[in-house]
$ cat work_5.tsv   # TSV, C-alpha atoms and all ligand atoms
chain	number	residue	atom	x	y	z
A	195	MET	CA	-93.52	-44.82	-4.10
A	196	THR	CA	-93.73	-45.00	-0.32
A	197	TYR	CA	-96.94	-45.56	1.59
A	198	PRO	CA	-97.85	-44.56	5.15
A	199	THR	CA	-97.90	-47.31	7.75
A	200	THR	CA	-101.33	-46.27	8.96
A	201	ARG	CA	-103.94	-44.13	7.26
A	202	ALA	CA	-107.64	-43.40	6.96
A	203	PHE	CA	-109.88	-45.41	4.62
A	204	ARG	CA	-113.39	-44.32	3.57
A	205	ALA	CA	-115.66	-47.29	4.07
A	206	ARG	CA	-119.31	-48.24	3.89
A	207	VAL	CA	-121.29	-51.06	5.41
A	208	ALA	CA	-121.58	-54.04	3.08
A	209	ARG	CA	-123.24	-56.58	5.40
A	210	ILE	CA	-124.52	-56.90	8.95
A	211	GLU	CA	-124.71	-60.23	10.70
A	212	ARG	CA	-126.11	-60.65	14.18
A	213	LEU	CA	-123.77	-63.31	15.56
A	214	THR	CA	-125.33	-63.62	19.02
A	215	PRO	CA	-127.55	-61.44	21.25
A	216	THR	CA	-124.52	-59.27	22.13
A	217	PHE	CA	-122.33	-59.36	19.00
A	218	ALA	CA	-122.94	-57.88	15.56
A	219	ARG	CA	-120.42	-58.52	12.80
A	220	ILE	CA	-120.27	-55.59	10.43
A	221	THR	CA	-118.51	-56.07	7.12
A	222	PHE	CA	-117.07	-52.94	5.53
A	223	THR	CA	-115.98	-52.30	1.99
A	224	GLY	CA	-114.48	-49.31	0.22
A	225	ASP	CA	-112.92	-48.20	-3.02
A	226	ASP	CA	-109.35	-48.75	-1.85
A	227	MET	CA	-110.01	-51.36	0.82
A	228	GLN	CA	-107.88	-53.87	-1.07
A	229	HIS	CA	-104.91	-51.99	0.39
A	230	PHE	CA	-106.04	-52.40	3.99
A	231	GLY	CA	-103.35	-54.36	5.85
A	232	GLY	CA	-103.21	-56.04	9.21
A	233	ASP	CA	-101.27	-58.85	10.75
A	234	GLY	CA	-104.19	-60.52	12.47
A	235	PHE	CA	-104.02	-61.43	16.13
A	236	ASP	CA	-105.25	-58.44	18.19
A	237	GLN	CA	-104.70	-55.89	15.40
A	238	ARG	CA	-106.33	-52.68	16.56
A	239	ILE	CA	-107.94	-50.08	14.36
A	240	LYS	CA	-109.72	-46.78	14.95
A	241	LEU	CA	-113.25	-46.11	13.76
A	242	VAL	CA	-114.44	-42.57	13.10
A	243	PHE	CA	-118.22	-42.43	13.40
A	244	PRO	CA	-120.43	-39.95	11.50
A	245	LEU	CA	-122.08	-37.03	13.28
A	246	ALA	CA	-125.87	-37.15	13.71
A	247	ASN	CA	-126.22	-35.41	10.32
A	248	GLY	CA	-124.04	-38.07	8.68
A	249	GLU	CA	-121.08	-35.73	8.18
A	250	PHE	CA	-117.39	-36.08	8.90
A	251	THR	CA	-115.57	-32.89	9.93
A	252	ASP	CA	-112.38	-32.44	7.95
A	253	VAL	CA	-109.38	-32.72	10.29
A	254	GLY	CA	-106.96	-33.64	7.54
A	255	LEU	CA	-107.38	-37.41	7.68
A	256	PHE	CA	-107.32	-37.54	3.88
A	257	ASP	CA	-104.60	-34.96	3.30
A	258	GLU	CA	-101.92	-35.80	0.74
A	259	PRO	CA	-99.30	-36.55	1.87
A	260	VAL	CA	-100.93	-38.28	4.84
A	261	ALA	CA	-100.80	-36.11	7.98
A	262	PRO	CA	-99.14	-37.69	11.01
A	263	MET	CA	-101.57	-38.74	13.73
A	264	THR	CA	-100.27	-36.03	16.09
A	265	VAL	CA	-101.39	-33.39	13.56
A	266	TRP	CA	-104.93	-34.56	12.78
A	267	TYR	CA	-105.53	-35.69	16.37
A	268	SER	CA	-104.76	-32.28	17.84
A	269	ARG	CA	-107.06	-30.66	15.23
A	270	TRP	CA	-109.76	-33.16	16.17
A	271	ARG	CA	-109.31	-32.50	19.91
A	272	ALA	CA	-109.68	-28.77	19.35
A	273	LEU	CA	-113.09	-29.13	17.65
A	274	PRO	CA	-116.27	-28.11	19.46
A	275	GLU	CA	-118.23	-31.17	20.65
A	276	ALA	CA	-120.99	-30.60	18.08
A	277	THR	CA	-118.61	-31.14	15.15
A	278	LYS	CA	-116.28	-33.68	16.73
A	279	ASN	CA	-116.83	-37.11	15.22
A	280	PRO	CA	-116.62	-39.86	17.86
A	281	ILE	CA	-113.50	-42.00	17.49
A	282	ARG	CA	-113.28	-45.45	19.12
A	283	THR	CA	-110.80	-48.32	19.10
A	284	TYR	CA	-111.81	-51.72	17.73
A	285	THR	CA	-110.21	-54.98	16.60
A	286	LEU	CA	-109.78	-55.99	12.99
A	287	ARG	CA	-111.61	-59.32	13.18
A	288	ALA	CA	-110.79	-60.29	9.59
A	289	VAL	CA	-109.53	-58.67	6.42
A	290	ARG	CA	-110.07	-59.96	2.85
A	291	PRO	CA	-108.06	-57.72	0.50
A	292	HIS	CA	-108.99	-59.81	-2.58
A	293	VAL	CA	-112.61	-58.72	-2.18
A	294	ALA	CA	-111.85	-55.36	-0.51
A	295	GLU	CA	-113.63	-56.26	2.74
A	296	LEU	CA	-112.97	-56.29	6.45
A	297	ASP	CA	-115.00	-57.38	9.47
A	298	VAL	CA	-115.42	-55.79	12.89
A	299	ASP	CA	-117.35	-57.55	15.67
A	300	PHE	CA	-119.22	-54.98	17.76
A	301	VAL	CA	-120.44	-55.52	21.30
A	302	LEU	CA	-123.91	-54.01	21.51
A	303	HIS	CA	-123.96	-52.63	25.03
A	304	GLY	CA	-126.77	-50.12	24.62
A	305	SER	CA	-127.94	-47.18	22.58
A	306	GLU	CA	-126.52	-44.34	24.70
A	307	SER	CA	-122.90	-44.39	23.56
A	308	PRO	CA	-121.76	-43.43	20.05
A	309	ALA	CA	-120.19	-46.67	18.84
A	310	SER	CA	-122.67	-49.11	20.31
A	311	ALA	CA	-125.61	-46.92	19.23
A	312	TRP	CA	-124.26	-46.67	15.69
A	313	ALA	CA	-123.71	-50.43	15.44
A	314	SER	CA	-127.21	-51.11	16.78
A	315	ARG	CA	-129.01	-49.10	14.11
A	316	VAL	CA	-126.61	-49.25	11.17
A	317	VAL	CA	-127.87	-50.18	7.71
A	318	VAL	CA	-126.11	-51.38	4.58
A	319	GLY	CA	-124.52	-48.46	2.77
A	320	ASP	CA	-123.86	-46.34	5.90
A	321	GLU	CA	-120.48	-44.60	5.84
A	322	ILE	CA	-117.63	-44.65	8.34
A	323	VAL	CA	-113.91	-43.87	8.34
A	324	ILE	CA	-111.48	-46.61	9.39
A	325	ILE	CA	-107.92	-45.82	10.42
A	326	GLY	CA	-105.65	-48.81	10.03
A	327	PRO	CA	-102.59	-50.27	8.37
A	328	ASP	CA	-101.85	-49.85	4.66
A	329	ARG	CA	-100.43	-53.16	3.47
A	330	ARG	CA	-98.39	-51.44	0.77
A	331	SER	CA	-96.18	-49.85	3.45
A	332	GLY	CA	-94.59	-53.25	4.11
A	333	VAL	CA	-94.44	-52.46	7.85
A	334	GLN	CA	-95.68	-55.28	10.05
A	335	GLY	CA	-96.86	-55.55	13.63
A	336	ARG	CA	-98.01	-51.96	14.18
A	337	GLY	CA	-101.07	-52.06	16.47
A	338	VAL	CA	-100.57	-55.69	17.45
A	339	GLU	CA	-99.91	-56.39	21.14
A	340	TRP	CA	-99.90	-60.20	20.99
A	341	ARG	CA	-96.15	-60.80	21.29
A	342	PRO	CA	-95.57	-64.08	23.11
A	343	GLY	CA	-91.95	-64.47	21.96
A	344	ARG	CA	-91.05	-68.15	22.15
A	345	ALA	CA	-93.64	-68.97	24.81
A	346	ARG	CA	-95.69	-72.03	23.92
A	347	THR	CA	-97.92	-72.06	27.01
A	348	VAL	CA	-100.44	-69.26	27.13
A	349	LEU	CA	-103.22	-67.88	29.27
A	350	ILE	CA	-105.62	-65.70	27.29
A	351	ALA	CA	-108.36	-63.97	29.25
A	352	GLY	CA	-110.82	-61.24	28.43
A	353	ASP	CA	-114.38	-60.03	28.39
A	354	GLU	CA	-116.72	-59.62	25.40
A	355	THR	CA	-114.85	-56.58	24.06
A	356	ALA	CA	-111.75	-58.76	23.85
A	357	ALA	CA	-113.61	-61.69	22.28
A	358	PRO	CA	-112.91	-60.55	18.68
A	359	ALA	CA	-109.19	-60.26	19.46
A	360	ILE	CA	-109.12	-63.57	21.31
A	361	CYS	CA	-110.90	-65.36	18.45
A	362	ALA	CA	-108.49	-63.84	15.90
A	363	ILE	CA	-105.50	-64.86	18.06
A	364	LEU	CA	-106.81	-68.42	18.48
A	365	GLU	CA	-107.32	-68.78	14.74
A	366	GLN	CA	-103.68	-67.96	14.11
A	367	LEU	CA	-101.98	-69.98	16.85
A	368	ASP	CA	-99.64	-72.78	15.86
A	369	VAL	CA	-100.39	-76.38	16.60
A	370	ASP	CA	-97.70	-76.57	19.32
A	371	VAL	CA	-99.23	-73.84	21.50
A	372	GLU	CA	-101.12	-75.02	24.57
A	373	GLY	CA	-102.97	-73.33	27.39
A	374	LEU	CA	-106.32	-71.83	28.21
A	375	ALA	CA	-108.52	-69.10	26.71
A	376	LEU	CA	-111.17	-67.69	29.05
A	377	ILE	CA	-113.81	-65.41	27.54
A	378	GLU	CA	-116.42	-63.79	29.75
A	379	VAL	CA	-119.62	-62.89	27.88
A	380	PRO	CA	-123.00	-61.53	29.00
A	381	THR	CA	-125.00	-64.71	28.30
A	382	ALA	CA	-124.42	-68.36	27.39
A	383	SER	CA	-125.83	-67.69	23.91
A	384	ASP	CA	-122.97	-65.26	23.23
A	385	ALA	CA	-120.49	-68.11	22.79
A	386	HIS	CA	-119.63	-68.44	19.12
A	387	GLU	CA	-117.69	-70.64	16.76
A	388	VAL	CA	-113.92	-70.29	16.73
A	389	THR	CA	-111.48	-72.69	15.16
A	390	SER	CA	-107.91	-73.16	16.32
A	391	ARG	CA	-105.19	-75.60	15.35
A	392	SER	CA	-103.59	-75.03	18.73
A	393	ARG	CA	-104.06	-77.10	21.86
A	394	VAL	CA	-105.46	-74.11	23.72
A	395	GLN	CA	-108.71	-74.96	25.51
A	396	ILE	CA	-111.43	-72.39	24.89
A	397	ARG	CA	-113.95	-71.60	27.61
A	398	TRP	CA	-116.83	-69.15	27.12
A	399	MET	CA	-118.15	-68.04	30.48
A	400	PRO	CA	-121.53	-66.30	30.84
A	401	ARG	CA	-121.82	-63.69	33.55
A	402	ASP	CA	-125.62	-63.81	33.46
A	403	GLY	CA	-126.30	-60.34	34.82
A	404	ALA	CA	-123.55	-60.37	37.46
A	405	ALA	CA	-120.80	-57.73	37.58
A	406	HIS	CA	-118.06	-57.55	34.96
A	407	GLY	CA	-115.24	-59.90	35.96
A	408	SER	CA	-117.46	-62.12	38.09
A	409	ALA	CA	-116.90	-65.12	35.82
A	410	LEU	CA	-113.41	-64.24	34.58
A	411	THR	CA	-111.73	-63.51	37.90
A	412	PRO	CA	-112.47	-66.84	39.64
A	413	ALA	CA	-111.59	-68.72	36.45
A	414	VAL	CA	-108.16	-67.05	36.27
A	415	GLU	CA	-107.63	-67.74	39.98
A	416	GLN	CA	-108.54	-71.38	39.42
A	417	TRP	CA	-106.04	-71.52	36.55
A	418	GLY	CA	-103.41	-70.14	38.96
A	419	ARG	CA	-104.15	-72.82	41.55
A	420	GLU	CA	-103.91	-75.59	38.97
A	421	ARG	CA	-100.77	-74.24	37.34
A	422	ARG	CA	-98.07	-76.84	37.71
A	423	ARG	CA	-95.17	-74.48	38.27
A	424	PRO	CA	-93.28	-73.31	41.30
A	425	ALA	CA	-94.11	-69.69	42.14
A	426	PRO	CA	-91.02	-67.51	42.13
A	427	SER	CA	-90.83	-64.67	44.61
A	428	ALA	CA	-93.53	-62.08	44.01
A	429	ALA	CA	-92.53	-58.83	42.32
A	430	PRO	CA	-93.98	-55.71	43.94
A	431	LEU	CA	-96.38	-53.83	41.69
A	432	PRO	CA	-97.37	-50.22	42.18
A	433	GLU	CA	-101.10	-49.63	42.58
A	434	PRO	CA	-102.32	-47.70	39.53
A	435	GLY	CA	-103.70	-44.22	40.09
A	436	SER	CA	-107.20	-43.45	38.82
A	437	ASP	CA	-105.91	-41.68	35.71
A	438	GLU	CA	-103.11	-44.05	34.90
A	439	VAL	CA	-103.11	-45.72	31.52
A	440	LEU	CA	-104.09	-49.30	32.17
A	441	TRP	CA	-102.05	-50.89	29.46
A	442	GLU	CA	-98.71	-52.64	29.35
A	443	ALA	CA	-97.73	-55.02	26.60
A	444	PRO	CA	-94.20	-56.37	26.78
A	445	ALA	CA	-92.27	-56.56	23.52
A	446	ASP	CA	-89.47	-58.97	24.38
A	447	VAL	CA	-90.94	-61.93	26.19
A	448	VAL	CA	-88.22	-64.44	27.06
A	449	ALA	CA	-90.33	-66.65	29.35
A	450	ASP	CA	-91.83	-69.90	28.07
A	451	GLU	CA	-95.24	-68.91	29.42
A	452	TYR	CA	-97.23	-65.83	28.37
A	453	ALA	CA	-100.42	-64.23	29.61
A	454	TRP	CA	-102.61	-61.85	27.58
A	455	LEU	CA	-105.42	-60.05	29.42
A	456	ALA	CA	-107.87	-57.55	27.96
A	457	GLY	CA	-111.22	-56.11	28.90
A	458	GLU	CA	-112.66	-53.73	31.48
A	459	ALA	CA	-109.71	-51.81	32.92
A	460	GLY	CA	-110.41	-52.44	36.61
A	461	VAL	CA	-110.91	-56.16	36.02
A	462	VAL	CA	-107.76	-56.68	33.95
A	463	THR	CA	-105.68	-54.60	36.35
A	464	SER	CA	-106.61	-56.82	39.27
A	465	LEU	CA	-106.11	-59.96	37.19
A	466	ARG	CA	-102.66	-58.80	36.24
A	467	ARG	CA	-101.88	-57.95	39.86
A	468	HIS	CA	-103.02	-61.45	40.86
A	469	LEU	CA	-100.85	-63.15	38.25
A	470	VAL	CA	-97.75	-61.14	39.10
A	471	ARG	CA	-98.07	-60.55	42.82
A	472	ASP	CA	-99.95	-63.61	44.06
A	473	ILE	CA	-98.83	-66.24	41.58
A	474	GLY	CA	-95.39	-64.84	40.85
A	475	ILE	CA	-95.51	-64.74	37.05
A	476	ASP	CA	-92.84	-62.47	35.62
A	477	ARG	CA	-94.54	-59.14	34.82
A	478	THR	CA	-92.61	-58.97	31.55
A	479	ALA	CA	-94.54	-62.07	30.41
A	480	VAL	CA	-97.95	-60.52	31.06
A	481	ALA	CA	-99.65	-58.23	28.54
A	482	PHE	CA	-102.64	-56.42	30.05
A	483	MET	CA	-104.86	-53.98	28.24
A	484	GLY	CA	-107.77	-51.95	29.53
A	485	TYR	CA	-110.06	-52.03	26.48
A	486	TRP	CA	-112.70	-49.86	28.20
A	487	ARG	CA	-113.28	-48.37	31.57
A	488	ALA	CA	-116.56	-48.67	33.47
A	489	GLY	CA	-118.24	-45.29	33.77
A	490	ARG	CA	-115.97	-43.54	31.26
A	491	ALA	CA	-116.35	-42.96	27.54
A	492	GLU	CA	-113.26	-43.74	25.46
A	493	GLY	CA	-110.92	-40.78	25.33
A	494	SER	CA	-112.67	-38.88	28.11
B	1	LIG	C1	-107.44	-52.25	21.43
B	1	LIG	C2	-108.95	-52.30	21.63
B	1	LIG	C3	-109.70	-53.17	20.88
B	1	LIG	C4	-111.10	-53.23	21.06
B	1	LIG	N1	-111.82	-54.09	20.28
B	1	LIG	C5	-113.18	-54.10	20.40
B	1	LIG	C6	-113.97	-54.92	19.53
B	1	LIG	O1	-113.46	-55.57	18.61
B	1	LIG	N2	-115.32	-54.92	19.72
B	1	LIG	C7	-115.92	-54.17	20.70
B	1	LIG	O2	-117.16	-54.19	20.82
B	1	LIG	N3	-115.20	-53.38	21.52
B	1	LIG	C8	-113.85	-53.31	21.38
B	1	LIG	N4	-113.12	-52.49	22.18
B	1	LIG	C9	-113.82	-51.75	23.25
B	1	LIG	C10	-114.49	-50.48	22.73
B	1	LIG	O3	-113.53	-49.59	22.20
B	1	LIG	C11	-115.18	-49.80	23.94
B	1	LIG	O4	-116.17	-50.64	24.46
B	1	LIG	C12	-115.75	-48.45	23.58
B	1	LIG	O5	-115.87	-47.72	24.79
B	1	LIG	C13	-117.09	-48.51	22.88
B	1	LIG	O6	-117.48	-47.18	22.56
B	1	LIG	P1	-118.94	-46.61	22.86
B	1	LIG	O7	-119.05	-45.35	22.08
B	1	LIG	O8	-119.93	-47.69	22.65
B	1	LIG	O9	-118.89	-46.30	24.43
B	1	LIG	P2	-118.19	-45.03	25.13
B	1	LIG	O10	-118.79	-43.77	24.68
B	1	LIG	O11	-116.70	-45.17	25.00
B	1	LIG	O12	-118.59	-45.28	26.65
B	1	LIG	C14	-119.87	-44.88	27.15
B	1	LIG	C15	-120.16	-45.67	28.42
B	1	LIG	O13	-120.31	-47.04	28.09
B	1	LIG	C16	-119.44	-47.84	28.88
B	1	LIG	N5	-118.99	-48.95	28.04
B	1	LIG	C17	-118.09	-48.93	27.03
B	1	LIG	N6	-117.96	-50.16	26.49
B	1	LIG	C18	-118.79	-50.97	27.19
B	1	LIG	C19	-119.12	-52.35	27.09
B	1	LIG	N7	-118.59	-53.15	26.16
B	1	LIG	N8	-120.02	-52.85	27.96
B	1	LIG	C20	-120.62	-52.06	28.89
B	1	LIG	N9	-120.35	-50.74	29.03
B	1	LIG	C21	-119.46	-50.21	28.17
B	1	LIG	C22	-118.32	-46.90	29.31
B	1	LIG	O14	-117.77	-47.32	30.53
B	1	LIG	C23	-119.05	-45.59	29.45
B	1	LIG	O15	-119.65	-45.49	30.72
B	1	LIG	C24	-111.73	-52.40	22.01
B	1	LIG	C25	-110.95	-51.48	22.74
B	1	LIG	C26	-109.58	-51.43	22.55
B	1	LIG	C27	-108.77	-50.43	23.34
$ encode --input "work_5.tsv" --output "structure tokens"
Amino acid sequence: MTYPTTRAFRARVARIERLTPTFARITFTGDDMQHFGGDGFDQRIKLVFPLANGEFTDVGLFDEPVAPMTVWYSRWRALPEATKNPIRTYTLRAVRPHVAELDVDFVLHGSESPASAWASRVVVGDEIVIIGPDRRSGVQGRGVEWRPGRARTVLIAGDETAAPAICAILEQLDVDVEGLALIEVPTASDAHEVTSRSRVQIRWMPRDGAAHGSALTPAVEQWGRERRRPAPSAAPLPEPGSDEVLWEAPADVVADEYAWLAGEAGVVTSLRRHLVRDIGIDRTAVAFMGYWRAGRAEGS
């Protein structure tokens, strides 16, 4: 029997834990959740949220055999807004197949937007659909952008939306990896426990009401100034247009240094530009991912 690499799982909320003022960890379970896969690191998943009446419009997510994403996604796009379930991208913070559970850490950024609003008022037993890897497919690495190759020196930088991915990455790093992890969060009390065998220094940086990037940007610049490496000649980078996808994750890193940047799209784009153009880091050793875009709902 063959299994799809990625598919939809029906899930319900098993537990809710308020980690910090900004983060809620929601644990999901489901009848076939023991098959949920994932390779850790920054494994991304899609969450399909219920409509206001609790329903999920059938777009073929549970068809047998499993419909390719192109098929169900175009059906979903064609739906009128009133019956279109919101879909958002999140990080698989942890998966425990032996107890059929997985965790997602939600940033609570208000009650106006579908995902944050849902996570703010969710109760145990609420239903959701999670699209993610099926471990029985045997395919690995789908939806994981952390690909440092042989690099053993890393810069990891992101805002609160990237904190779940950064924590999951840190937990899996080998003991011989060194570098710096910079995590910008709304307040000092949003720092939370993360264990790592690596020699990567972890710095939580509160922004305390200032603009997104106001703590992260100077910290990355400081890292650049202290970096003990000669700067090779700067590679020209095109300026992204306003509709350009703000995402580039190299697959074949050959450098011995690797940078992973994720968070608000404008902030990570300028950080990436700084690393490549001002510091001279090879752009093929820099993964940058716009996890959200100020002023724009996901997918709009
Ligand atoms: C690969 C990937 C992994 C991600 N992992 C996580 C994760 O593990 N946890 C997590 O919380 N988020 C994560 N995100 C970010 C999350 O998908 C977005 O924040 C998403 O927009 C939230 O949906 P929403 O319905 O709350 O807001 P939307 O409806 O998408 O947006 C509504 C408005 O809110 C703004 N907005 C969106 N997010 C934020 C925010 N965090 N702070 C302030 N304003 C915001 C938008 O700019 C827009 O103006 C991830 C994104 C990607 C691409």
$ residues_around --input "work_5.tsv" --residues "segment 373-386 of chain A" --least-positions-apart "3" --cutoff "7 Å" --atoms "all atoms listed in the file" --output "ChimeraX atom specification"
/A:214-216,347-354,357,393-403,409-410
$ write_last_selection --input "work_5.tsv" --atoms "C-alpha atoms" --output "PDB file, in the coordinates of the input"
ATOM      1  CA  THR A 214    -125.330 -63.620  19.020  1.00  0.00           C
ATOM      2  CA  PRO A 215    -127.550 -61.440  21.250  1.00  0.00           C
ATOM      3  CA  THR A 216    -124.520 -59.270  22.130  1.00  0.00           C
ATOM      4  CA  THR A 347     -97.920 -72.060  27.010  1.00  0.00           C
ATOM      5  CA  VAL A 348    -100.440 -69.260  27.130  1.00  0.00           C
ATOM      6  CA  LEU A 349    -103.220 -67.880  29.270  1.00  0.00           C
ATOM      7  CA  ILE A 350    -105.620 -65.700  27.290  1.00  0.00           C
ATOM      8  CA  ALA A 351    -108.360 -63.970  29.250  1.00  0.00           C
ATOM      9  CA  GLY A 352    -110.820 -61.240  28.430  1.00  0.00           C
ATOM     10  CA  ASP A 353    -114.380 -60.030  28.390  1.00  0.00           C
ATOM     11  CA  GLU A 354    -116.720 -59.620  25.400  1.00  0.00           C
ATOM     12  CA  ALA A 357    -113.610 -61.690  22.280  1.00  0.00           C
ATOM     13  CA  ARG A 393    -104.060 -77.100  21.860  1.00  0.00           C
ATOM     14  CA  VAL A 394    -105.460 -74.110  23.720  1.00  0.00           C
ATOM     15  CA  GLN A 395    -108.710 -74.960  25.510  1.00  0.00           C
ATOM     16  CA  ILE A 396    -111.430 -72.390  24.890  1.00  0.00           C
ATOM     17  CA  ARG A 397    -113.950 -71.600  27.610  1.00  0.00           C
ATOM     18  CA  TRP A 398    -116.830 -69.150  27.120  1.00  0.00           C
ATOM     19  CA  MET A 399    -118.150 -68.040  30.480  1.00  0.00           C
ATOM     20  CA  PRO A 400    -121.530 -66.300  30.840  1.00  0.00           C
ATOM     21  CA  ARG A 401    -121.820 -63.690  33.550  1.00  0.00           C
ATOM     22  CA  ASP A 402    -125.620 -63.810  33.460  1.00  0.00           C
ATOM     23  CA  GLY A 403    -126.300 -60.340  34.820  1.00  0.00           C
ATOM     24  CA  ALA A 409    -116.900 -65.120  35.820  1.00  0.00           C
ATOM     25  CA  LEU A 410    -113.410 -64.240  34.580  1.00  0.00           C
TER      26      LEU A 410
END
$ closest_residue --input "work_5.tsv" --among "A:Pro274, A:Gly224, A:Gly337, A:Gly474" --to "Arg290 of chain A" --atoms "all atoms listed in the file"
A:Gly224
$ closest_atom_pairs --input "work_5.tsv" --of "chain A" --to "ligand LIG 1 (chain B)" --cutoff "9 Å" --atoms "only C-alpha atoms and all ligand atoms" --output "JSON lines"
{"residue": "A:Phe217", "atom": "CA", "partner": "B:LIG1", "partner_atom": "O2", "distance": 7.5}
{"residue": "A:Ala218", "atom": "CA", "partner": "B:LIG1", "partner_atom": "O2", "distance": 8.6}
{"residue": "A:Asp236", "atom": "CA", "partner": "B:LIG1", "partner_atom": "C1", "distance": 7.3}
{"residue": "A:Gln237", "atom": "CA", "partner": "B:LIG1", "partner_atom": "C1", "distance": 7.6}
{"residue": "A:Arg238", "atom": "CA", "partner": "B:LIG1", "partner_atom": "C1", "distance": 5.0}
{"residue": "A:Ile239", "atom": "CA", "partner": "B:LIG1", "partner_atom": "C1", "distance": 7.4}
{"residue": "A:Lys240", "atom": "CA", "partner": "B:LIG1", "partner_atom": "O3", "distance": 8.7}
{"residue": "A:Pro280", "atom": "CA", "partner": "B:LIG1", "partner_atom": "O7", "distance": 7.3}
{"residue": "A:Ile281", "atom": "CA", "partner": "B:LIG1", "partner_atom": "O7", "distance": 7.9}
{"residue": "A:Arg282", "atom": "CA", "partner": "B:LIG1", "partner_atom": "O3", "distance": 5.2}
{"residue": "A:Thr283", "atom": "CA", "partner": "B:LIG1", "partner_atom": "O3", "distance": 4.3}
{"residue": "A:Tyr284", "atom": "CA", "partner": "B:LIG1", "partner_atom": "N1", "distance": 3.5}
{"residue": "A:Thr285", "atom": "CA", "partner": "B:LIG1", "partner_atom": "O1", "distance": 3.9}
{"residue": "A:Leu286", "atom": "CA", "partner": "B:LIG1", "partner_atom": "O1", "distance": 6.7}
{"residue": "A:Arg287", "atom": "CA", "partner": "B:LIG1", "partner_atom": "O1", "distance": 6.9}
{"residue": "A:Val298", "atom": "CA", "partner": "B:LIG1", "partner_atom": "O1", "distance": 6.1}
{"residue": "A:Asp299", "atom": "CA", "partner": "B:LIG1", "partner_atom": "N2", "distance": 5.2}
{"residue": "A:Phe300", "atom": "CA", "partner": "B:LIG1", "partner_atom": "O2", "distance": 3.8}
{"residue": "A:Val301", "atom": "CA", "partner": "B:LIG1", "partner_atom": "O2", "distance": 3.6}
{"residue": "A:Leu302", "atom": "CA", "partner": "B:LIG1", "partner_atom": "O2", "distance": 6.8}
{"residue": "A:His303", "atom": "CA", "partner": "B:LIG1", "partner_atom": "N8", "distance": 4.9}
{"residue": "A:Gly304", "atom": "CA", "partner": "B:LIG1", "partner_atom": "O8", "distance": 7.5}
{"residue": "A:Ser305", "atom": "CA", "partner": "B:LIG1", "partner_atom": "O8", "distance": 8.0}
{"residue": "A:Glu306", "atom": "CA", "partner": "B:LIG1", "partner_atom": "C14", "distance": 7.1}
{"residue": "A:Ser307", "atom": "CA", "partner": "B:LIG1", "partner_atom": "O7", "distance": 4.2}
{"residue": "A:Pro308", "atom": "CA", "partner": "B:LIG1", "partner_atom": "O7", "distance": 3.9}
{"residue": "A:Ala309", "atom": "CA", "partner": "B:LIG1", "partner_atom": "O7", "distance": 3.7}
{"residue": "A:Ser310", "atom": "CA", "partner": "B:LIG1", "partner_atom": "O8", "distance": 3.9}
{"residue": "A:Ala311", "atom": "CA", "partner": "B:LIG1", "partner_atom": "O8", "distance": 6.7}
{"residue": "A:Trp312", "atom": "CA", "partner": "B:LIG1", "partner_atom": "O8", "distance": 8.3}
{"residue": "A:Ala313", "atom": "CA", "partner": "B:LIG1", "partner_atom": "O8", "distance": 8.6}
{"residue": "A:Gly337", "atom": "CA", "partner": "B:LIG1", "partner_atom": "C1", "distance": 8.1}
{"residue": "A:Val338", "atom": "CA", "partner": "B:LIG1", "partner_atom": "C1", "distance": 8.7}
{"residue": "A:Glu339", "atom": "CA", "partner": "B:LIG1", "partner_atom": "C1", "distance": 8.6}
{"residue": "A:Asp353", "atom": "CA", "partner": "B:LIG1", "partner_atom": "N7", "distance": 8.4}
{"residue": "A:Glu354", "atom": "CA", "partner": "B:LIG1", "partner_atom": "N7", "distance": 6.8}
{"residue": "A:Thr355", "atom": "CA", "partner": "B:LIG1", "partner_atom": "N3", "distance": 4.1}
{"residue": "A:Ala356", "atom": "CA", "partner": "B:LIG1", "partner_atom": "N1", "distance": 5.9}
{"residue": "A:Ala357", "atom": "CA", "partner": "B:LIG1", "partner_atom": "O1", "distance": 7.1}
{"residue": "A:Pro358", "atom": "CA", "partner": "B:LIG1", "partner_atom": "O1", "distance": 5.0}
{"residue": "A:Ala359", "atom": "CA", "partner": "B:LIG1", "partner_atom": "O1", "distance": 6.4}
{"residue": "A:His406", "atom": "CA", "partner": "B:LIG1", "partner_atom": "C20", "distance": 8.6}
{"residue": "A:Ala456", "atom": "CA", "partner": "B:LIG1", "partner_atom": "C2", "distance": 8.3}
{"residue": "A:Gly457", "atom": "CA", "partner": "B:LIG1", "partner_atom": "C9", "distance": 7.6}
{"residue": "A:Glu458", "atom": "CA", "partner": "B:LIG1", "partner_atom": "C19", "distance": 7.9}
{"residue": "A:Met483", "atom": "CA", "partner": "B:LIG1", "partner_atom": "C27", "distance": 7.2}
{"residue": "A:Gly484", "atom": "CA", "partner": "B:LIG1", "partner_atom": "C27", "distance": 6.5}
{"residue": "A:Tyr485", "atom": "CA", "partner": "B:LIG1", "partner_atom": "C27", "distance": 3.8}
{"residue": "A:Trp486", "atom": "CA", "partner": "B:LIG1", "partner_atom": "C11", "distance": 4.9}
{"residue": "A:Arg487", "atom": "CA", "partner": "B:LIG1", "partner_atom": "O14", "distance": 4.7}
{"residue": "A:Ala488", "atom": "CA", "partner": "B:LIG1", "partner_atom": "O14", "distance": 3.5}
{"residue": "A:Gly489", "atom": "CA", "partner": "B:LIG1", "partner_atom": "O15", "distance": 3.4}
{"residue": "A:Arg490", "atom": "CA", "partner": "B:LIG1", "partner_atom": "C23", "distance": 4.1}
{"residue": "A:Ala491", "atom": "CA", "partner": "B:LIG1", "partner_atom": "O12", "distance": 3.3}
{"residue": "A:Glu492", "atom": "CA", "partner": "B:LIG1", "partner_atom": "O11", "distance": 3.8}
{"residue": "A:Gly493", "atom": "CA", "partner": "B:LIG1", "partner_atom": "O11", "distance": 7.3}
{"residue": "A:Ser494", "atom": "CA", "partner": "B:LIG1", "partner_atom": "O11", "distance": 8.1}
